[in-house]
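Colleague: Handing you a structure now.
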Amino acid sequence: MNQIDFEKKIKFYKELIDKRIELISRGKKPSSLYRPIEFFLESSGKRIRPILMLLSAEACDERKALRIINQAIAIELLHNFTLIHDDIMDNAKLRHGKETLHRKYDVSTAILAGDNLLSMAYKSLTKNLYQNSLLVVNTFTDAVNIVCEGQSLDKEFENRIKVSRDEYFKMIRNKTASLISAACKIAALTIDASKDIVNSLKKFGMNLGTAFQIKDDLLDMTGQSVHFGKKLGSDLVEGKKTFLLISALNNAKDDDLKQLKQLIKNKGIKISEVKKYFNIYRRLGVVEEANKSIQLFTHKAINNLSIIKNSQAKSYLTRYALKLLERSS
């Protein structure tokens, strides 16, 4: 298996997912509900979770991988449901460089569209689901609950002066990693893999998802000028308790600590101050700390795949994990 084969595989899966997504709301009425859903789904990124799900299914039994396409679509719809509601809660203006749904339409329309996506996700989840149906539905439902808990913690942190690193990790595992973990686990359950493989893929997704979120935090400082439709330093401007800010608070002394405490007190900074705080981060070595944590959780994730016997499928999963964590946007 060479790099060309790998890229073709990822392209094939993404195009397959995109085509299925396009059909989700086409021609449905009322248009006041389904057109906003179409608009949002048209600009919804790299399809990371369903691709991971299909690759996980290959790792269990490559002959059956495409049988879980409906469940993969369900995971993507659930993810988009969370994004719409997150954007409302954060009062975000852009998503993937386009207007957020509540800005283009209105908050009520966005809430209704998100709710309907969740319903559509369950409908897709149970379509042609022949193996471990109760376990799959329970895993999916647990993921919905856990993501909501993670979002609640994230909002709670906005009003707290101090957040520990352990609390941060709990929040990102719930808000981000749990859905990636559920995607990998559901793939294994749907293929009716052994309990050991189900558990290993669940852990793989959790460790990869943790590394993914730390990388996301880091890209707010080191990414391209536009990162998922946001300007660099947006997390600082909004005063978000990211890996970088929490690490900086742990390391800071004297004037640096005073500046960071002022940021928290003010619940963010002015855009004109972003460069100053980036310099504080660099002085305190938080970029290096973030990269070390990303490497640690990535190593754990790849080790979780040791049980997979299909070397090519394992290689695909490993390469895709590394691809996600080497991204610059």
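Simple scheme: letters A, B, ... for chains in structure tokens order, numbers from 1 for residues in each chain, numbers from 1 for ligands in the order shown.
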I need the strand (DSSP E or B) residues of range 143-305 of chain A per DSSP on the backbone, written as number ranges by chain.

Modeller: A: 226-227, 230-231

Colleague: Please tabulate, as JSON lines, the residues of range 114-165 of chain A that come within 12 Å of range 238-249 of chain A, each with its closest pair of atoms and the distance in Å to one decimal, counting only C-alpha atoms and ordering rows by chain, then residue number upward.

Modeller:
```
{"residue": "A:Leu153", "atom": "CA", "partner": "A:Lys241", "partner_atom": "CA", "distance": 10.6}
{"residue": "A:Asp154", "atom": "CA", "partner": "A:Lys241", "partner_atom": "CA", "distance": 7.9}
{"residue": "A:Lys155", "atom": "CA", "partner": "A:Lys240", "partner_atom": "CA", "distance": 9.1}
{"residue": "A:Glu156", "atom": "CA", "partner": "A:Lys241", "partner_atom": "CA", "distance": 10.2}
{"residue": "A:Phe157", "atom": "CA", "partner": "A:Lys241", "partner_atom": "CA", "distance": 6.7}
{"residue": "A:Glu158", "atom": "CA", "partner": "A:Lys240", "partner_atom": "CA", "distance": 6.5}
{"residue": "A:Asn159", "atom": "CA", "partner": "A:Gly239", "partner_atom": "CA", "distance": 10.0}
{"residue": "A:Arg160", "atom": "CA", "partner": "A:Lys241", "partner_atom": "CA", "distance": 9.3}
{"residue": "A:Ile161", "atom": "CA", "partner": "A:Lys241", "partner_atom": "CA", "distance": 9.7}
{"residue": "A:Lys162", "atom": "CA", "partner": "A:Ile246", "partner_atom": "CA", "distance": 8.4}
{"residue": "A:Val163", "atom": "CA", "partner": "A:Ile246", "partner_atom": "CA", "distance": 7.0}
{"residue": "A:Ser164", "atom": "CA", "partner": "A:Ile246", "partner_atom": "CA", "distance": 7.1}
{"residue": "A:Arg165", "atom": "CA", "partner": "A:Ile246", "partner_atom": "CA", "distance": 6.6}
```

Colleague: Do a neighbour search on range 59-71 of chain A at 8 Å with only C-alpha atoms, toss out local chain neighbours closer than 4 positions, and write the hits as a list in words.

Modeller: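 Counting only C-alpha atoms, the residues come to Ile17, Leu54, Leu55, Ile75, Ser124, Leu125, Thr126, Lys127, Asn128, Leu129, Ile186, Ala187, Ala188, Thr190, Ile191, Ala193, Ile197, Ile308, Lys309, Asn310, Ala313 and Lys314 of chain A.
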
Colleague: Under the rule that only C-alpha atoms are counted, which of A:Lys170, A:Lys231, A:Lys270, A:Arg319 is the nearest residue to Lys93 in chain A?

Modeller: A:Lys231

Colleague: Which is closest to Ser108 in chain A among A:Gly45, A:Gly205, A:Gly268, A:Pro36, if we use only C-alpha atoms?

Modeller: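 Among A:Gly45, A:Gly205, A:Gly268, A:Pro36, it is A:Pro36 that comes nearest to Ser108 in chain A.
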